[in-house]
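One file, target07.txt, carrying compact mmCIF, C-alpha atoms and all ligand atoms:
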# COMPACT_ATOMS: atom_id res chain seq x y z
CA MET A 23 72.28 92.67 58.02
CA ARG A 24 68.80 91.74 59.15
CA LEU A 25 65.96 93.82 57.70
CA TYR A 26 62.43 93.34 59.01
CA LEU A 27 59.34 94.55 57.17
CA ILE A 28 56.28 95.34 59.24
CA GLY A 29 52.88 96.79 58.36
CA MET A 30 49.27 96.01 57.60
CA PRO A 31 48.11 93.08 55.49
CA GLY A 32 48.44 94.18 51.87
CA ALA A 33 51.18 96.71 52.61
CA GLY A 34 53.54 94.73 50.37
CA LYS A 35 55.85 93.20 53.00
CA THR A 36 56.14 89.90 51.17
CA THR A 37 56.42 91.43 47.68
CA LEU A 38 58.92 94.16 48.57
CA GLY A 39 60.79 91.91 50.98
CA ARG A 40 61.55 89.39 48.27
CA ALA A 41 62.82 92.16 45.95
CA LEU A 42 64.97 93.71 48.70
CA ALA A 43 66.54 90.37 49.55
CA ALA A 44 67.45 89.90 45.89
CA ALA A 45 68.92 93.40 45.72
CA TYR A 46 71.04 92.88 48.87
CA GLU A 47 71.81 89.27 47.97
CA VAL A 48 70.72 87.98 51.36
CA PRO A 49 68.20 85.21 52.11
CA PHE A 50 64.52 86.08 52.09
CA ARG A 51 62.09 84.63 54.60
CA ASP A 52 58.37 85.18 54.99
CA LEU A 53 57.29 84.51 58.56
CA ASP A 54 53.86 83.20 57.53
CA ALA A 55 55.49 80.79 55.07
CA GLU A 56 57.87 79.57 57.79
CA ILE A 57 54.91 78.84 60.07
CA VAL A 58 53.00 77.13 57.26
CA GLU A 59 55.99 74.93 56.49
CA ARG A 60 56.45 73.86 60.12
CA GLU A 61 52.73 73.21 60.59
CA SER A 62 52.14 71.64 57.17
CA ARG A 63 48.89 73.61 56.86
CA SER A 64 47.82 77.06 55.73
CA VAL A 65 47.50 80.12 57.98
CA ALA A 66 43.73 79.98 57.41
CA ASP A 67 43.63 76.33 58.48
CA ILE A 68 45.70 77.04 61.61
CA PHE A 69 43.34 79.88 62.60
CA ALA A 70 40.27 77.71 61.90
CA ALA A 71 41.51 74.64 63.77
CA GLU A 72 43.43 76.19 66.67
CA GLY A 73 42.38 79.84 66.95
CA GLU A 74 44.39 83.03 66.92
CA ALA A 75 46.12 82.55 70.30
CA TYR A 76 47.78 79.37 69.07
CA PHE A 77 48.87 81.08 65.85
CA ARG A 78 50.41 83.95 67.85
CA THR A 79 52.34 81.54 70.05
CA ARG A 80 53.73 79.73 66.99
CA GLU A 81 54.46 83.05 65.26
CA ALA A 82 56.50 84.27 68.25
CA ALA A 83 58.48 81.02 68.46
CA VAL A 84 59.17 80.83 64.73
CA LEU A 85 60.27 84.48 64.67
CA ARG A 86 62.87 83.73 67.32
CA GLU A 87 64.02 80.65 65.42
CA VAL A 88 64.49 82.59 62.19
CA VAL A 89 66.40 85.36 63.98
CA ALA A 90 68.66 82.88 65.76
CA GLU A 91 69.34 80.98 62.56
CA LEU A 92 70.04 83.86 60.17
CA PRO A 93 72.47 86.74 60.82
CA GLU A 94 71.63 88.00 57.33
CA VAL A 95 68.02 88.04 56.19
CA VAL A 96 65.20 90.12 54.83
CA LEU A 97 62.15 88.99 56.79
CA ALA A 98 58.58 89.81 55.82
CA THR A 99 56.57 89.53 59.04
CA GLY A 100 52.82 89.02 59.30
CA GLY A 101 50.65 92.09 59.87
CA GLY A 102 50.11 91.23 63.53
CA THR A 103 53.64 90.10 64.35
CA PRO A 104 54.93 93.26 66.11
CA CYS A 105 51.80 93.48 68.26
CA PHE A 106 52.14 90.23 70.25
CA HIS A 107 54.51 88.45 72.64
CA GLN A 108 57.17 91.17 72.76
CA ASN A 109 57.98 90.43 69.13
CA LEU A 110 58.58 94.09 68.37
CA GLU A 111 61.37 94.16 70.96
CA VAL A 112 63.00 91.17 69.25
CA LEU A 113 62.83 92.99 65.91
CA LEU A 114 64.15 96.29 67.28
CA ASP A 115 66.99 94.57 69.15
CA THR A 116 68.26 92.34 66.34
CA GLY A 117 67.95 94.25 63.04
CA TYR A 118 66.57 97.19 61.10
CA THR A 119 62.80 97.45 61.23
CA LEU A 120 60.97 99.16 58.38
CA TYR A 121 57.29 100.11 58.54
CA LEU A 122 55.54 100.05 55.19
CA GLU A 123 52.80 102.63 55.63
CA VAL A 124 50.11 102.33 52.96
CA PRO A 125 46.79 104.24 53.01
CA VAL A 126 43.77 102.12 53.92
CA GLU A 127 42.07 102.92 50.57
CA GLU A 128 45.02 101.33 48.79
CA LEU A 129 45.01 98.31 51.12
CA VAL A 130 41.32 97.76 50.33
CA ALA A 131 41.99 97.83 46.60
CA ARG A 132 44.82 95.34 46.94
CA LEU A 133 43.07 93.01 49.36
CA GLN A 134 39.63 92.71 47.81
CA ARG A 135 40.72 89.59 45.99
CA ALA A 136 43.18 88.32 48.59
CA ALA A 137 41.14 88.71 51.82
CA ALA A 138 39.86 85.13 51.79
CA SER A 139 43.29 83.72 52.60
CA ARG A 140 43.74 86.23 55.43
CA PRO A 141 41.59 84.89 58.25
CA LEU A 142 41.29 88.12 60.22
CA LEU A 143 39.83 89.84 57.14
CA ALA A 144 37.88 86.95 55.65
CA ALA A 145 34.68 87.80 57.53
CA ALA A 146 34.56 91.31 56.05
CA ALA A 147 32.07 90.98 53.18
CA GLY A 148 32.54 93.71 50.59
CA PRO A 149 34.82 96.74 50.31
CA ALA A 150 33.02 98.88 52.92
CA ALA A 151 33.24 96.18 55.59
CA LEU A 152 36.83 95.43 54.64
CA GLU A 153 37.73 99.11 54.92
CA ALA A 154 36.07 99.39 58.34
CA ARG A 155 37.92 96.29 59.55
CA LEU A 156 41.25 97.60 58.28
CA ARG A 157 40.75 101.01 59.91
CA GLU A 158 39.90 99.41 63.24
CA THR A 159 42.91 97.09 63.02
CA LEU A 160 45.27 99.91 62.04
CA ALA A 161 44.05 102.09 64.92
CA ALA A 162 44.94 99.33 67.37
CA ARG A 163 48.30 98.56 65.75
CA GLN A 164 49.58 102.07 65.06
CA GLN A 165 51.27 102.25 68.46
CA PHE A 166 53.43 99.25 67.50
CA TYR A 167 54.10 100.09 63.86
CA SER A 168 55.10 103.65 64.68
CA ARG A 169 58.02 102.47 66.82
CA ALA A 170 59.91 101.29 63.73
CA PRO A 171 62.98 103.49 63.18
CA LEU A 172 62.50 103.32 59.40
CA ARG A 173 59.34 104.11 57.49
CA CYS A 174 58.30 104.48 53.91
CA THR A 175 54.93 105.68 52.81
CA GLY A 176 52.56 104.71 50.02
CA SER A 177 54.02 104.57 46.54
CA SER A 178 57.50 105.58 47.79
CA CYS A 179 58.07 102.02 49.05
CA SER A 180 60.31 100.92 46.18
CA VAL A 181 63.51 98.91 46.46
CA ALA A 182 65.59 101.97 45.56
CA ALA A 183 63.78 104.16 48.11
CA VAL A 184 64.32 101.63 50.89
CA GLN A 185 67.98 101.22 49.95
CA GLY A 186 68.35 105.01 50.22
CA LEU A 187 66.61 105.14 53.59
CA LEU A 188 68.67 102.32 55.00
CA HIS A 189 71.93 103.76 53.75
CA GLN A 190 71.14 107.12 55.31
CA TYR A 191 70.14 105.50 58.60
CA ARG A 192 73.31 103.41 58.82
CA VAL A 193 75.58 106.34 57.97
CA SER A 194 73.95 108.68 60.48
CA GLY A 195 73.88 105.92 63.12
N1 LIG B 1 53.74 98.32 45.65
C1 LIG B 1 52.64 97.64 45.29
N2 LIG B 1 51.77 98.20 44.42
C2 LIG B 1 50.63 97.55 44.08
N3 LIG B 1 50.27 96.33 44.54
C3 LIG B 1 51.09 95.73 45.41
C4 LIG B 1 52.32 96.36 45.85
N4 LIG B 1 52.91 95.54 46.74
C5 LIG B 1 52.11 94.46 46.85
N5 LIG B 1 51.03 94.56 46.06
C6 LIG B 1 49.93 93.59 45.94
O1 LIG B 1 49.18 93.64 47.14
C7 LIG B 1 48.84 92.33 47.59
C8 LIG B 1 49.43 92.10 48.96
O2 LIG B 1 50.86 92.11 48.85
P1 LIG B 1 51.77 91.31 49.88
O3 LIG B 1 53.18 91.51 49.46
O4 LIG B 1 51.25 89.93 50.03
O5 LIG B 1 51.49 92.14 51.21
P2 LIG B 1 51.70 91.73 52.74
O6 LIG B 1 52.72 90.65 52.78
O7 LIG B 1 52.16 93.01 53.39
O8 LIG B 1 50.36 91.32 53.24
C9 LIG B 1 49.37 91.37 46.53
O9 LIG B 1 48.31 91.10 45.65
C10 LIG B 1 50.47 92.16 45.82
O10 LIG B 1 50.61 91.77 44.48
O1 LIG B 2 47.34 91.00 60.25
C1 LIG B 2 47.37 89.87 60.80
O2 LIG B 2 47.12 89.70 62.01
C2 LIG B 2 47.77 88.71 59.98
C3 LIG B 2 48.40 88.94 58.77
C4 LIG B 2 48.83 87.85 57.90
O3 LIG B 2 50.04 88.24 57.23
P1 LIG B 2 50.07 89.40 56.07
O4 LIG B 2 50.23 90.72 56.77
O5 LIG B 2 51.26 89.04 55.24
O6 LIG B 2 48.77 89.30 55.33
C5 LIG B 2 49.03 86.56 58.68
O7 LIG B 2 50.16 86.63 59.51
C6 LIG B 2 47.81 86.25 59.49
O8 LIG B 2 46.73 86.07 58.59
C7 LIG B 2 47.49 87.34 60.49
MG MG B 3 52.73 88.69 53.68

Let me see the file written as structure tokens.
Amino acid sequence: MRLYLIGMPGAGKTTLGRALAAAYEVPFRDLDAEIVERESRSVADIFAAEGEAYFRTREAAVLREVVAELPEVVLATGGGTPCFHQNLEVLLDTGYTLYLEVPVEELVARLQRAAASRPLLAAAAGPAALEARLRETLAARQQFYSRAPLRCTGSSCSVAAVQGLLHQYRVSG
């Protein structure tokens, strides 16, 4: 089984992904961490030195590497992953894709401390600017996120809830 988590920065892809991998006893990978390892520098440093286009090219290549390497995996993608280079098609064709839908207000609360390490949000000074940036980003990405066949919303995104969703989806085909 491959399970892919998609959604906005702060949605909990990395946190929930790690817990789901433990529950299913399959390897966990975080796409950002895979890129960081290959590049030997942080996501913020890659953005600063090379720009977003370079990061997206690396992200697309590393996604395909991880998929080819691992028939069983829970993969936490980056927030932008499904929106570039036909990555969403790769996800939809090779595993179960779950959209973690979390209200923007909650994302703001979670990201206020963590925005600095997320280059696309780092420029947003203060909660109001961060919220505006997140709303704008979500509006552009909704068309991609909403194509995921599985979705959990807000506080219902627990390991048990996702296990239930996935079981139901597999049984009903
Ligand atoms: N279900 C949750 N409830 C509250 N805080 C959470 C939850 N999931 C993640 N967080 C917190 O939100 C921040 C972003 O989580 P993370 O898993 O890195 O999200 P993502 O990988 O989607 O950007 C972290 O500080 C994490 O501890
Ligand atoms: O939303 C985005 O475009 C990005 C989200 C980040 O991952 P998280 O969603 O785990 O923060 C990371 O891939 C990069 O900073 C770009
Ligand atoms: Mg993450």

task: Mind checking which residues fall within 12 Å of Arg51 in chain A, counting all atoms listed in the file, ignoring those fewer than 5 positions away in the same chain, and posting them as a count of residues only?
output: 31

Can you build me a table of chain A residues sitting at most 7 Å from ligand LIG 2 (chain B), with the closest atom pair per residue and its distance in Å to one decimal, using all atoms listed in the file, sorted by chain and residue number, as JSON lines?
{"residue": "A:Gly29", "atom": "CA", "partner": "B:LIG2", "partner_atom": "O4", "distance": 6.8}
{"residue": "A:Met30", "atom": "CA", "partner": "B:LIG2", "partner_atom": "O4", "distance": 5.4}
{"residue": "A:Pro31", "atom": "CA", "partner": "B:LIG2", "partner_atom": "O4", "distance": 3.4}
{"residue": "A:Gly32", "atom": "CA", "partner": "B:LIG2", "partner_atom": "O6", "distance": 6.0}
{"residue": "A:Lys35", "atom": "CA", "partner": "B:LIG2", "partner_atom": "O5", "distance": 6.6}
{"residue": "A:Thr36", "atom": "CA", "partner": "B:LIG2", "partner_atom": "O5", "distance": 6.4}
{"residue": "A:Asp54", "atom": "CA", "partner": "B:LIG2", "partner_atom": "O7", "distance": 5.4}
{"residue": "A:Val65", "atom": "CA", "partner": "B:LIG2", "partner_atom": "O8", "distance": 6.0}
{"residue": "A:Ala66", "atom": "CA", "partner": "B:LIG2", "partner_atom": "O8", "distance": 6.9}
{"residue": "A:Thr99", "atom": "CA", "partner": "B:LIG2", "partner_atom": "O5", "distance": 6.5}
{"residue": "A:Gly100", "atom": "CA", "partner": "B:LIG2", "partner_atom": "O3", "distance": 3.6}
{"residue": "A:Gly101", "atom": "CA", "partner": "B:LIG2", "partner_atom": "O4", "distance": 3.4}
{"residue": "A:Gly102", "atom": "CA", "partner": "B:LIG2", "partner_atom": "O2", "distance": 3.7}
{"residue": "A:Thr103", "atom": "CA", "partner": "B:LIG2", "partner_atom": "O7", "distance": 6.9}
{"residue": "A:Arg140", "atom": "CA", "partner": "B:LIG2", "partner_atom": "O8", "distance": 4.4}
{"residue": "A:Pro141", "atom": "CA", "partner": "B:LIG2", "partner_atom": "O8", "distance": 5.3}
{"residue": "A:Leu142", "atom": "CA", "partner": "B:LIG2", "partner_atom": "O8", "distance": 6.0}

query: Leaving out Leu120 in chain A and any residue of its chain fewer than 5 positions from it, which residues lie within 7 Å of it when counting only C-alpha atoms, given as a PyMOL selection string?
result: chain A and resi 26-28+170-173

Any chance you could export the current selection's C-alpha atoms as a PDB file, in the coordinates of the input?
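Listed below is the output, result-v5.pdb:
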ATOM      1  CA  TYR A  26      62.430  93.340  59.010  1.00  0.00           C
ATOM      2  CA  LEU A  27      59.340  94.550  57.170  1.00  0.00           C
ATOM      3  CA  ILE A  28      56.280  95.340  59.240  1.00  0.00           C
ATOM      4  CA  ALA A 170      59.910 101.290  63.730  1.00  0.00           C
ATOM      5  CA  PRO A 171      62.980 103.490  63.180  1.00  0.00           C
ATOM      6  CA  LEU A 172      62.500 103.320  59.400  1.00  0.00           C
ATOM      7  CA  ARG A 173      59.340 104.110  57.490  1.00  0.00           C
TER       8      ARG A 173
END

task: Just the residues within 10 Å of Phe106 in chain A, please, counting only C-alpha atoms, with nothing from its chain fewer than 4 positions along; format it as a list in words.
output: Ala75, Arg78, Thr79, Glu81, Ala82, Gly102, Leu110 and Phe166 of chain A

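Taking CA of Leu187 in chain A and CA of Cys174 in chain A as the two end points, the separation is 8.3 Å.
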
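In terms of minimum interatomic distance to ligand LIG 1 (chain B), A:Pro125 ranks closest within A:Pro125, A:Pro149, A:Gly186, A:Pro49, counting all atoms listed in the file.
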
Using all atoms listed in the file, give me every residue within 8 Å of (73.5, 97.7, 45.6) in file coordinates, as a PDB file with C-alpha atoms, in the coordinates of the input.
ATOM      1  CA  ALA A  45      68.920  93.400  45.720  1.00  0.00           C
ATOM      2  CA  TYR A  46      71.040  92.880  48.870  1.00  0.00           C
ATOM      3  CA  GLN A 185      67.980 101.220  49.950  1.00  0.00           C
TER       4      GLN A 185
END

message: Ranking A:Ser139, A:Ser194, A:Ser64, A:Ser168 by minimum distance to ligand LIG 1 (chain B) and counting all atoms listed in the file, which one comes first?
response: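 Ranking A:Ser139, A:Ser194, A:Ser64, A:Ser168 by distance to ligand LIG 1 (chain B), first place goes to A:Ser139.
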
Separation of atom N2 of ligand LIG 1 (chain B) from CA of Gly34 in chain A, in Å and rounded to one decimal: 7.1 Å

Pick from A:Ala162, A:Cys105, A:Ala138, A:Val112, whichever lies nearest to Asp67 in chain A using all atoms listed in the file: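 Of A:Ala162, A:Cys105, A:Ala138, A:Val112, the one nearest Asp67 in chain A, counting all atoms listed in the file, is A:Ala138.
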
query: Of the candidates A:Asp115, A:Gly148, A:Phe69, A:Met23, which one gets nearest to Arg135 in chain A if we count all atoms listed in the file?
result: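 Going through A:Asp115, A:Gly148, A:Phe69, A:Met23 one by one, the smallest distance to Arg135 in chain A is for A:Gly148.
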
message: My list of candidates is A:Val48, A:Leu156, A:Leu53, A:Val130. Which is closest to Ala83 in chain A when distances are computed with only C-alpha atoms?
response: A:Leu53

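Going from CA of Ala136 in chain A to atom C9 of ligand LIG 1 (chain B) covers 7.2 Å.
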
field: Best match for closeness to ligand LIG 1 (chain B) among A:Leu160, A:Leu122, A:Val193, A:Leu188, counting all atoms listed in the file
entry: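 Ranked by minimum distance to ligand LIG 1 (chain B), first place goes to A:Leu122.
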
Output, as lines of an AutoDock Vina configuration file, the centre and edge lengths in Å (one decimal) of the axis-aligned box that contains all listed atoms of ligand LIG 1 (chain B) with 8 Å of margin on each side.
center_x = 51.0
center_y = 94.1
center_z = 48.7
size_x = 21.4
size_y = 24.4
size_z = 25.3

message: Taking (38.9, 97.3, 58.7) in the coordinates of the supplied file, I want to know which residues reach to within 10 Å of it, counting all atoms listed in the file; could you give the answer as a list of chain:residue names?
response: A:Val126, A:Leu129, A:Val130, A:Leu142, A:Leu143, A:Ala146, A:Pro149, A:Ala150, A:Ala151, A:Leu152, A:Glu153, A:Ala154, A:Arg155, A:Leu156, A:Arg157, A:Glu158, A:Thr159, A:Leu160, A:Ala161
